[in-house]
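I have placed the structure first, in the form of structure tokens, so that the comments after it can refer back to it.
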Amino acid sequence: MKNENNNEFQLIEENVFNAGEEASTSDGKKISADDFRFVQQDEHIHDVKFTTKPTTFFKDAMRRFSKNHSSVVGGIILGFLFILSIILPIEGVLPFNVDIQSADATNLNYETNLPPKLFEAGTGFWDGTRTLNDQPYIYETDASGNDVLDENGERIYLDSNPYSIDAIVNPEQIEPITGRLDVLNDYSDGGFYYFYHNPNSSVDSSNPVVGGYVYSYTYNYDLSYDFTLTYTLGWRDQENFVMPQYDILFYDGEQFFPLTNFTGFDMGEQGELYDENSTVYPYSTITVNLNELLLNCSALVEKYGEDFTSISGSFGFTFADDSTYYTAIYIRDFILTASSSEGEVPASVEREMMARSFVSDPTNTTFNYNVCDVLRQPRINSSTQRPNNRYWASNGATGTRPADALNLVCTITYDMYQITYGYRTDLSAIASSVFQSWIDQGYIEYTFGDPSSYRVLGDYEDLDEYLASGETPVYVKSVTGENVDGNTVTLNCEILAWKYFGYTSMPSHLLGTDGRGRDLLKYSFEGLRNSLLIGIVVAAINIIIGVVWGSISGYFGGKVDLVLERLVDILAGVPWIVLMTILCIKIGQTPFVFGLALCLTGWIGTEAVTRSQFYRYKGREYVLASRTLGARSPRLIFRHILPNALGTIVTSSVLMIPSVIFNEATISYLGLGFSNLGSLGVILSENQSVLATYPYRLVVPAVLIALLMICFNLFGNGLRDAFNPSLKGTD
Amino acid sequence: MHLPYIVKYSIKRIVLLLVTAFIILTITFFLVKMLPDPPIAGNEQAQYSFCLDQDILGYYFDSPVELEGYGQTMMNPYLDPQGRWHYFYKEPIINQYGAWLTNIFTKWNWGTSTAVEVGNSAIGIIGDRIQPTILINVFALIFSLPLGFLFGIIAALNKNKPLDHFISTLVMVFISVPSFVVISLLLLWLGYNGSLPTGWPVTSDASIGEKAAAMVIPVLSLMFGTIATFTRYTRAELCEVMSSEFLLLARTKGLSKFNCIIRHALRNSLVPLVPMIIGQFVGILSGSIVLEQLYNIPGIGQLFIQCINLRDYNVLLVDMSIFTLISLFASLLVDLSYGIVDPRIRMGAKAS
């Protein structure tokens, strides 16, 4: 009877509490069986069919996976990347793609290093323009040398680059020059200064013609401090070349004061520099006391009086012209330091002295210069490294600067696409056969040997007509002939470059182009495709080896397990990168070795997982039952135990792909990989050296590989959570 | 003699570690010795003295006549001051191995550098180069630890709130992004577009300020991944402890939430984190190979790449030994530290 009551109590809970409250009242009311009734008494709950369908493990995991939003998003992005990596590299999908082999690159650097372009030029963002700082500010002058002003009273900027369109000059950004030898930071070396001699001037050895000047910042020198100039000059180590005579000058803003009168100094500490081609450049470092020089200069004393205590100006060099050689002086250092006999030099003085810079002579209107644009020490490639020797790189441009533009620089934005693909004057862009046909047609009169007999007839009118008739290449806009020298004629053709290159429309590269003119979008996705291919193939091999090894080790256990595990221990102990390098050196950098190296230790993770799964399941009763019924080992392994480990294996294979890609990228990035593969790591490593000049070339593949990694990890973690709900959240 | 369990276990592990290291180094030695030799550096005199040295050390042997059918002649024959000819041949690898072991155990001679710093002892070069590597890694670890814990605690306390999602997303990003990408982008933004130096000071007499400035980018680039890892583990551990029953009990007994977290949750969650810190140190140590190469840091990672490119096998062997030993010792320390920070865990104990 009591048991029955208990049953009732459990079945109608709501009444239990009511009854309980009643029971607890003090009036002592009895609780009888009638106070209770069965809930669902008339319902046949045991007959209710399940509305859900039976589901498999994978379907269930899929359902759990789709609830994890971040993983789904990761998977979708991953899918997009997959599809793009297949579609984009197909020939013709991205039409504007060239691949200039390195040999041609020097001659035809047209389509290389174009910035990314999405919007029209001039919008200021993603518009295919390049902004160059510290460009010489050159403005129009009339015949007498005075500035030509526009209606606003502003000087008119003369574009030094005739091909640039939309040269954006912001007059407010014009600032006094802060150094032509660019930034001499602590990691830089100097650069070459060329002082060309003027062939028309007569050279008198007793009175050397001044070839040009370089000089430092203008600064107010408080002579209570001791100023020391330490400079390092180098020269080409070639026969019959002697270091030219030079003089240290002081320029007070009005006139030059020679301080040494070409007496020169002892050569000081000497050493050797190297360039990339191992050419030797001897140099010597000389230190002079500037206070002494200043106070001993009679012209200065005459102007400023004896014992002047401060003077404002700048120091510089001038070189005696040499009629035989271009005076190419390598100026490595030009360091002004301040010191004081009484205590420390104030920081303000020190800081000013640290600004080491050079400016060309503003008064010399004709001298040619060659200045190194970038003097940063090149990143030392380990294969070419010479320990303890720094070397320089120069990519300076030659040109002539007008006189008074020198103290001004400005920031110019060039539309690189117009420069590359727009109208441009090009020498010899017309094939000789076409030129011959023009001669044949009678548009050009031409005789070899005598310059005067060459002319384009009719003031180009006939030629223009001819050009308009459509028989000439469509890209030629105009032709001018010049420079008839012996039996060669050079023609200047103004051409529309994109037509000349054979495109049907003006090219536009969404992500720009690299140093070989390859479209970065296509090239990056090609790299992505290769990386994915490597990742998937290597991961597949790793999974197979890992599963087989782990199954054997886990299933048989005992001595087999012991031996196999020790092998794994040793293999895991040897640094992976060491094995890889030794293989590469020993056998060579082939795709096979590369794959082998990636597979060498990659399977160990899968092996451990499989092994532990086998240990977990091989002792279960159902396995024992199957074995009792006569199942052999293969059946037990493949039918009964391995499927249990499937979820873990799927997860680890998805997570293995990014790790393989990562490893591959790391090796390639260090330059140890297989460079012909064109994977993301190789692209990154190729573009690492231009990080300072063309950052977008590195940013694009870097972002791509980062995105790939993030998506793979999100996707893989989602899969793991779905297959192993117990692991969820542990990360 | 009755030793405490932990001592016995440690001794056992250290012996095992030395055996494993010995096997690994032996394999590496044979692999390296199978590689083609680079030409001997220097003029004929230097080459001769190098060969003579190798002969004394037992790697070459010296023959007064040219031998037929004995592999390849090492170098051109050398004429010594006494007018005798010397033909140097490589010993068989197994003999070289014996000589190598003898030299190490009797003279602590790991060989001299043949290319990186010609003539210097390999072990000395490692001694010079290990300082910047350790310096950068220690700094990265010191700065990462508190930040990682802080972010992890913040994320765990705000579990499943926007702040947690934000931190978790960042953690995901920084764990996924390869280190060389981080380094490159930092170099770009702070180095080339910023004012920080883009390479290690070349001269040794750089001031402390310059050195400190040069260390910002490398340390930062190592920190991102490390902070992310610490944050993730701290969050996971703390979340687990926060949902444990003893904490519920503490709350039920009336302990304030703050006290609960500080006195109970945090302490318990730190237990599994200590071994992880050691593991992480090794992780960033090996990760700094790329960094050292890119940032031109004269550490053992860059040395490794230099050795491979310049074929300096003696230094390569020592460098590899260092890496191997560090990783082996780290795994040992991790295992031991489990037992130390939490005495309930007895590594290697037989299941009762």
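The way I read the labels, and the way they are meant: chains A, B, ... in the order of the structure tokens, residue 1 as the first residue of every chain, and ligand 1 as the first ligand shown, with later ones counted on from there.
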Neighbour list for range 179-193 of chain B as a ChimeraX atom specification, cut-off 7 Å, only C-alpha atoms, skip fewer than 2 positions in-chain: /A:691-692,702 /B:177,195-198,217,221,290-291
Interface, chain B side, toward chain A (7 Å; only C-alpha atoms) as an MDAnalysis selection string: chainID B and resid 20 24 32 35 172:173 176:178 181 188 192 236 290 306 309:310 324
Residues within 10 Å of Ile167 in chain B, only C-alpha atoms, excluding chain neighbours under 3 positions, as a list in words: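 Returned residues: Phe151, Gly152, Ile154, Ala155, Ala156, Pro162, Leu163, Asp164, Leu170, Val171, Met172, Val173, Ala228, Thr231 and Arg232 of chain B.
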Test item, alpha helix (DSSP H) assignment across range 123-243 of chain B, answer as a ChimeraX atom specification: /B:123-157,162-176,179-186,208-242
Atom pair CA of Ile683 in chain A / CA of Glu91 in chain A: separation (Å): 19.4 Å
For CA of Val660 in chain A and CA of Ala722 in chain A, the interatomic separation in Å (one decimal): 22.9 Å
Separation of CA of Ser310 in chain A from CA of Leu223 in chain A, in Å and rounded to one decimal: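 Between CA of Ser310 in chain A and CA of Leu223 in chain A the gap is 5.2 Å.
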Test item: residues at most 7 Å from range 77-89 of chain A, only C-alpha atoms, excluding those fewer than 3 positions along its chain, as an MDAnalysis selection string: chainID A and resid 73:74 93:94 522 525:526 528:529 708 711:712
With C-alpha atoms kept, could you save the residues just selected as a compact mmCIF listing (two decimals), in the first residue's frame?
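This is the output file selection.txt:
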# COMPACT_ATOMS: atom_id res chain seq x y z
CA VAL A 73 31.86 31.66 -41.75
CA GLY A 74 35.42 30.36 -41.75
CA VAL A 93 40.64 35.23 -66.41
CA LEU A 94 42.92 38.08 -65.46
CA LYS A 522 46.75 36.19 -60.11
CA PHE A 525 46.19 33.05 -55.90
CA GLU A 526 48.46 30.86 -57.96
CA LEU A 528 47.58 29.95 -52.76
CA ARG A 529 46.60 27.16 -55.12
CA LEU A 708 43.86 31.17 -44.97
CA CYS A 711 39.80 30.27 -41.73
CA PHE A 712 41.38 26.84 -41.58
Neighbour list for range 251-261 of chain B as number ranges by chain, cut-off 12 Å, only C-alpha atoms, skip fewer than 4 positions in-chain: B: 153-154, 156-157, 238-239, 241-247, 265-270
Now that the selection is made, can you save its residues with N, CA and C atoms as a PDB file, in the first residue's frame?
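again.pdb written:
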ATOM      1  N   ILE B 153      42.092  36.428 -18.046  1.00  0.00           N
ATOM      2  CA  ILE B 153      41.179  36.587 -16.908  1.00  0.00           C
ATOM      3  C   ILE B 153      39.980  37.440 -17.303  1.00  0.00           C
ATOM      4  N   ILE B 154      40.286  38.535 -18.030  1.00  0.00           N
ATOM      5  CA  ILE B 154      39.181  39.402 -18.472  1.00  0.00           C
ATOM      6  C   ILE B 154      38.205  38.606 -19.313  1.00  0.00           C
ATOM      7  N   ALA B 156      37.694  35.371 -19.388  1.00  0.00           N
ATOM      8  CA  ALA B 156      36.984  34.334 -18.643  1.00  0.00           C
ATOM      9  C   ALA B 156      35.891  34.937 -17.767  1.00  0.00           C
ATOM     10  N   LEU B 157      36.182  36.089 -17.181  1.00  0.00           N
ATOM     11  CA  LEU B 157      35.183  36.706 -16.304  1.00  0.00           C
ATOM     12  C   LEU B 157      34.009  37.260 -17.095  1.00  0.00           C
ATOM     13  N   LEU B 238      40.535  28.966 -16.547  1.00  0.00           N
ATOM     14  CA  LEU B 238      39.722  29.715 -15.592  1.00  0.00           C
ATOM     15  C   LEU B 238      38.249  29.387 -15.780  1.00  0.00           C
ATOM     16  N   CYS B 239      37.821  29.256 -17.030  1.00  0.00           N
ATOM     17  CA  CYS B 239      36.423  28.923 -17.305  1.00  0.00           C
ATOM     18  C   CYS B 239      36.091  27.582 -16.673  1.00  0.00           C
ATOM     19  N   VAL B 241      37.591  26.096 -14.137  1.00  0.00           N
ATOM     20  CA  VAL B 241      37.553  26.174 -12.681  1.00  0.00           C
ATOM     21  C   VAL B 241      36.297  26.908 -12.214  1.00  0.00           C
ATOM     22  N   MET B 242      35.924  27.944 -12.966  1.00  0.00           N
ATOM     23  CA  MET B 242      34.760  28.748 -12.564  1.00  0.00           C
ATOM     24  C   MET B 242      33.491  27.909 -12.547  1.00  0.00           C
ATOM     25  N   SER B 243      33.444  26.900 -13.421  1.00  0.00           N
ATOM     26  CA  SER B 243      32.219  26.096 -13.461  1.00  0.00           C
ATOM     27  C   SER B 243      32.341  24.855 -12.582  1.00  0.00           C
ATOM     28  N   SER B 244      33.410  24.789 -11.771  1.00  0.00           N
ATOM     29  CA  SER B 244      33.588  23.581 -10.949  1.00  0.00           C
ATOM     30  C   SER B 244      32.731  23.688  -9.695  1.00  0.00           C
ATOM     31  N   GLU B 245      32.570  22.522  -9.064  1.00  0.00           N
ATOM     32  CA  GLU B 245      31.618  22.468  -7.952  1.00  0.00           C
ATOM     33  C   GLU B 245      32.152  23.131  -6.686  1.00  0.00           C
ATOM     34  N   PHE B 246      33.480  23.053  -6.483  1.00  0.00           N
ATOM     35  CA  PHE B 246      33.978  23.632  -5.226  1.00  0.00           C
ATOM     36  C   PHE B 246      33.804  25.148  -5.214  1.00  0.00           C
ATOM     37  N   LEU B 247      33.811  25.733  -6.417  1.00  0.00           N
ATOM     38  CA  LEU B 247      33.610  27.172  -6.477  1.00  0.00           C
ATOM     39  C   LEU B 247      32.148  27.515  -6.174  1.00  0.00           C
ATOM     40  N   ALA B 265      39.585  30.434  -7.620  1.00  0.00           N
ATOM     41  CA  ALA B 265      39.585  30.127  -9.047  1.00  0.00           C
ATOM     42  C   ALA B 265      40.971  30.363  -9.668  1.00  0.00           C
ATOM     43  N   LEU B 266      41.513  31.540  -9.403  1.00  0.00           N
ATOM     44  CA  LEU B 266      42.759  31.920 -10.067  1.00  0.00           C
ATOM     45  C   LEU B 266      43.897  30.988  -9.665  1.00  0.00           C
ATOM     46  N   ARG B 267      43.981  30.707  -8.392  1.00  0.00           N
ATOM     47  CA  ARG B 267      45.068  29.850  -7.909  1.00  0.00           C
ATOM     48  C   ARG B 267      45.015  28.487  -8.572  1.00  0.00           C
ATOM     49  N   ASN B 268      43.829  27.930  -8.624  1.00  0.00           N
ATOM     50  CA  ASN B 268      43.715  26.598  -9.187  1.00  0.00           C
ATOM     51  C   ASN B 268      43.935  26.586 -10.689  1.00  0.00           C
ATOM     52  N   SER B 269      43.540  27.681 -11.327  1.00  0.00           N
ATOM     53  CA  SER B 269      43.707  27.691 -12.769  1.00  0.00           C
ATOM     54  C   SER B 269      45.174  27.884 -13.158  1.00  0.00           C
ATOM     55  N   LEU B 270      45.970  28.402 -12.217  1.00  0.00           N
ATOM     56  CA  LEU B 270      47.378  28.634 -12.546  1.00  0.00           C
ATOM     57  C   LEU B 270      48.175  27.333 -12.617  1.00  0.00           C
TER      58      LEU B 270
END
Need to verify the contact set: Ala122 in chain B, 12 Å, only C-alpha atoms, exclusion of same-chain residues closer than 5 positions in sequence. Can you return it as a PDB file with N, CA, C and O atoms, in the first residue's frame?
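See selection-v9.pdb below for the written result:
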ATOM      1  N   ILE B 104      85.316  15.482 -28.007  1.00  0.00           N
ATOM      2  CA  ILE B 104      84.339  16.160 -27.149  1.00  0.00           C
ATOM      3  C   ILE B 104      84.542  15.753 -25.697  1.00  0.00           C
ATOM      4  O   ILE B 104      84.620  16.597 -24.796  1.00  0.00           O
ATOM      5  N   TRP B 108      86.770  18.556 -24.794  1.00  0.00           N
ATOM      6  CA  TRP B 108      85.648  19.496 -24.998  1.00  0.00           C
ATOM      7  C   TRP B 108      85.875  20.312 -26.266  1.00  0.00           C
ATOM      8  O   TRP B 108      85.669  21.503 -26.341  1.00  0.00           O
ATOM      9  N   ASN B 109      86.320  19.635 -27.298  1.00  0.00           N
ATOM     10  CA  ASN B 109      86.602  20.285 -28.574  1.00  0.00           C
ATOM     11  C   ASN B 109      85.505  19.905 -29.564  1.00  0.00           C
ATOM     12  O   ASN B 109      85.432  18.761 -30.015  1.00  0.00           O
ATOM     13  N   TRP B 110      84.691  20.856 -29.891  1.00  0.00           N
ATOM     14  CA  TRP B 110      83.588  20.615 -30.825  1.00  0.00           C
ATOM     15  C   TRP B 110      83.979  20.999 -32.246  1.00  0.00           C
ATOM     16  O   TRP B 110      83.125  21.145 -33.105  1.00  0.00           O
ATOM     17  N   GLY B 111      85.243  21.244 -32.467  1.00  0.00           N
ATOM     18  CA  GLY B 111      85.680  21.604 -33.819  1.00  0.00           C
ATOM     19  C   GLY B 111      85.732  23.114 -33.985  1.00  0.00           C
ATOM     20  O   GLY B 111      85.279  23.876 -33.133  1.00  0.00           O
ATOM     21  N   THR B 112      86.354  23.536 -35.088  1.00  0.00           N
ATOM     22  CA  THR B 112      86.454  24.969 -35.356  1.00  0.00           C
ATOM     23  C   THR B 112      85.575  25.324 -36.543  1.00  0.00           C
ATOM     24  O   THR B 112      85.239  24.483 -37.362  1.00  0.00           O
ATOM     25  N   SER B 113      85.228  26.597 -36.601  1.00  0.00           N
ATOM     26  CA  SER B 113      84.382  27.066 -37.695  1.00  0.00           C
ATOM     27  C   SER B 113      85.185  27.091 -38.987  1.00  0.00           C
ATOM     28  O   SER B 113      86.360  27.463 -39.006  1.00  0.00           O
ATOM     29  N   THR B 114      84.551  26.665 -40.079  1.00  0.00           N
ATOM     30  CA  THR B 114      85.246  26.672 -41.365  1.00  0.00           C
ATOM     31  C   THR B 114      84.760  27.783 -42.282  1.00  0.00           C
ATOM     32  O   THR B 114      85.362  28.042 -43.313  1.00  0.00           O
ATOM     33  N   ALA B 115      83.653  28.422 -41.943  1.00  0.00           N
ATOM     34  CA  ALA B 115      83.144  29.445 -42.859  1.00  0.00           C
ATOM     35  C   ALA B 115      82.569  30.656 -42.145  1.00  0.00           C
ATOM     36  O   ALA B 115      82.801  31.781 -42.567  1.00  0.00           O
ATOM     37  N   VAL B 116      81.817  30.450 -41.095  1.00  0.00           N
ATOM     38  CA  VAL B 116      81.105  31.584 -40.485  1.00  0.00           C
ATOM     39  C   VAL B 116      82.097  32.552 -39.849  1.00  0.00           C
ATOM     40  O   VAL B 116      82.121  33.740 -40.163  1.00  0.00           O
ATOM     41  N   GLU B 117      82.907  32.035 -38.938  1.00  0.00           N
ATOM     42  CA  GLU B 117      83.976  32.849 -38.361  1.00  0.00           C
ATOM     43  C   GLU B 117      85.208  31.959 -38.385  1.00  0.00           C
ATOM     44  O   GLU B 117      85.503  31.269 -37.416  1.00  0.00           O
ATOM     45  N   GLY B 127      78.560  30.506 -27.919  1.00  0.00           N
ATOM     46  CA  GLY B 127      78.527  31.311 -26.698  1.00  0.00           C
ATOM     47  C   GLY B 127      78.274  32.782 -26.985  1.00  0.00           C
ATOM     48  O   GLY B 127      77.511  33.439 -26.288  1.00  0.00           O
ATOM     49  N   ASP B 128      78.922  33.268 -28.066  1.00  0.00           N
ATOM     50  CA  ASP B 128      78.709  34.677 -28.425  1.00  0.00           C
ATOM     51  C   ASP B 128      77.302  34.915 -28.929  1.00  0.00           C
ATOM     52  O   ASP B 128      76.688  35.935 -28.652  1.00  0.00           O
ATOM     53  N   ARG B 129      76.821  33.957 -29.724  1.00  0.00           N
ATOM     54  CA  ARG B 129      75.568  34.202 -30.430  1.00  0.00           C
ATOM     55  C   ARG B 129      74.321  33.948 -29.592  1.00  0.00           C
ATOM     56  O   ARG B 129      73.238  34.369 -29.960  1.00  0.00           O
ATOM     57  N   ILE B 300      71.517  32.513 -32.390  1.00  0.00           N
ATOM     58  CA  ILE B 300      71.801  31.158 -32.843  1.00  0.00           C
ATOM     59  C   ILE B 300      70.856  30.735 -33.965  1.00  0.00           C
ATOM     60  O   ILE B 300      71.163  29.824 -34.714  1.00  0.00           O
ATOM     61  N   LEU B 303      72.470  32.064 -37.018  1.00  0.00           N
ATOM     62  CA  LEU B 303      73.680  31.257 -37.186  1.00  0.00           C
ATOM     63  C   LEU B 303      73.357  29.949 -37.892  1.00  0.00           C
ATOM     64  O   LEU B 303      74.105  29.493 -38.752  1.00  0.00           O
ATOM     65  N   CYS B 307      75.058  28.769 -41.223  1.00  0.00           N
ATOM     66  CA  CYS B 307      75.823  27.524 -41.294  1.00  0.00           C
ATOM     67  C   CYS B 307      75.371  26.686 -42.478  1.00  0.00           C
ATOM     68  O   CYS B 307      76.196  26.097 -43.178  1.00  0.00           O
ATOM     69  N   ASP B 312      79.016  25.315 -43.009  1.00  0.00           N
ATOM     70  CA  ASP B 312      79.935  25.246 -41.872  1.00  0.00           C
ATOM     71  C   ASP B 312      79.416  24.168 -40.931  1.00  0.00           C
ATOM     72  O   ASP B 312      78.626  24.417 -40.033  1.00  0.00           O
ATOM     73  N   TYR B 313      79.898  22.929 -41.159  1.00  0.00           N
ATOM     74  CA  TYR B 313      79.243  21.799 -40.506  1.00  0.00           C
ATOM     75  C   TYR B 313      79.554  21.694 -39.024  1.00  0.00           C
ATOM     76  O   TYR B 313      78.727  21.220 -38.247  1.00  0.00           O
ATOM     77  N   ASN B 314      80.763  22.105 -38.620  1.00  0.00           N
ATOM     78  CA  ASN B 314      81.092  21.993 -37.200  1.00  0.00           C
ATOM     79  C   ASN B 314      80.168  22.859 -36.368  1.00  0.00           C
ATOM     80  O   ASN B 314      79.615  22.421 -35.363  1.00  0.00           O
ATOM     81  N   VAL B 315      80.016  24.108 -36.792  1.00  0.00           N
ATOM     82  CA  VAL B 315      79.141  25.016 -36.050  1.00  0.00           C
ATOM     83  C   VAL B 315      77.702  24.532 -36.140  1.00  0.00           C
ATOM     84  O   VAL B 315      76.949  24.600 -35.168  1.00  0.00           O
ATOM     85  N   LEU B 316      77.342  24.003 -37.307  1.00  0.00           N
ATOM     86  CA  LEU B 316      75.980  23.502 -37.506  1.00  0.00           C
ATOM     87  C   LEU B 316      75.665  22.415 -36.481  1.00  0.00           C
ATOM     88  O   LEU B 316      74.600  22.413 -35.866  1.00  0.00           O
ATOM     89  N   LEU B 317      76.621  21.508 -36.281  1.00  0.00           N
ATOM     90  CA  LEU B 317      76.394  20.410 -35.338  1.00  0.00           C
ATOM     91  C   LEU B 317      76.171  20.933 -33.929  1.00  0.00           C
ATOM     92  O   LEU B 317      75.254  20.486 -33.229  1.00  0.00           O
ATOM     93  N   VAL B 318      76.998  21.897 -33.518  1.00  0.00           N
ATOM     94  CA  VAL B 318      76.849  22.437 -32.166  1.00  0.00           C
ATOM     95  C   VAL B 318      75.514  23.165 -32.044  1.00  0.00           C
ATOM     96  O   VAL B 318      74.791  23.022 -31.052  1.00  0.00           O
ATOM     97  N   ASP B 319      75.195  23.926 -33.077  1.00  0.00           N
ATOM     98  CA  ASP B 319      73.950  24.706 -33.055  1.00  0.00           C
ATOM     99  C   ASP B 319      72.746  23.773 -32.937  1.00  0.00           C
ATOM    100  O   ASP B 319      71.833  23.999 -32.141  1.00  0.00           O
ATOM    101  N   MET B 320      72.776  22.705 -33.752  1.00  0.00           N
ATOM    102  CA  MET B 320      71.681  21.738 -33.698  1.00  0.00           C
ATOM    103  C   MET B 320      71.612  21.083 -32.332  1.00  0.00           C
ATOM    104  O   MET B 320      70.527  20.852 -31.806  1.00  0.00           O
ATOM    105  N   SER B 321      72.788  20.777 -31.761  1.00  0.00           N
ATOM    106  CA  SER B 321      72.793  20.153 -30.441  1.00  0.00           C
ATOM    107  C   SER B 321      72.101  21.052 -29.443  1.00  0.00           C
ATOM    108  O   SER B 321      71.330  20.582 -28.595  1.00  0.00           O
ATOM    109  N   ILE B 322      72.376  22.359 -29.549  1.00  0.00           N
ATOM    110  CA  ILE B 322      71.753  23.307 -28.629  1.00  0.00           C
ATOM    111  C   ILE B 322      70.237  23.244 -28.760  1.00  0.00           C
ATOM    112  O   ILE B 322      69.508  23.110 -27.775  1.00  0.00           O
TER     113      ILE B 322
END
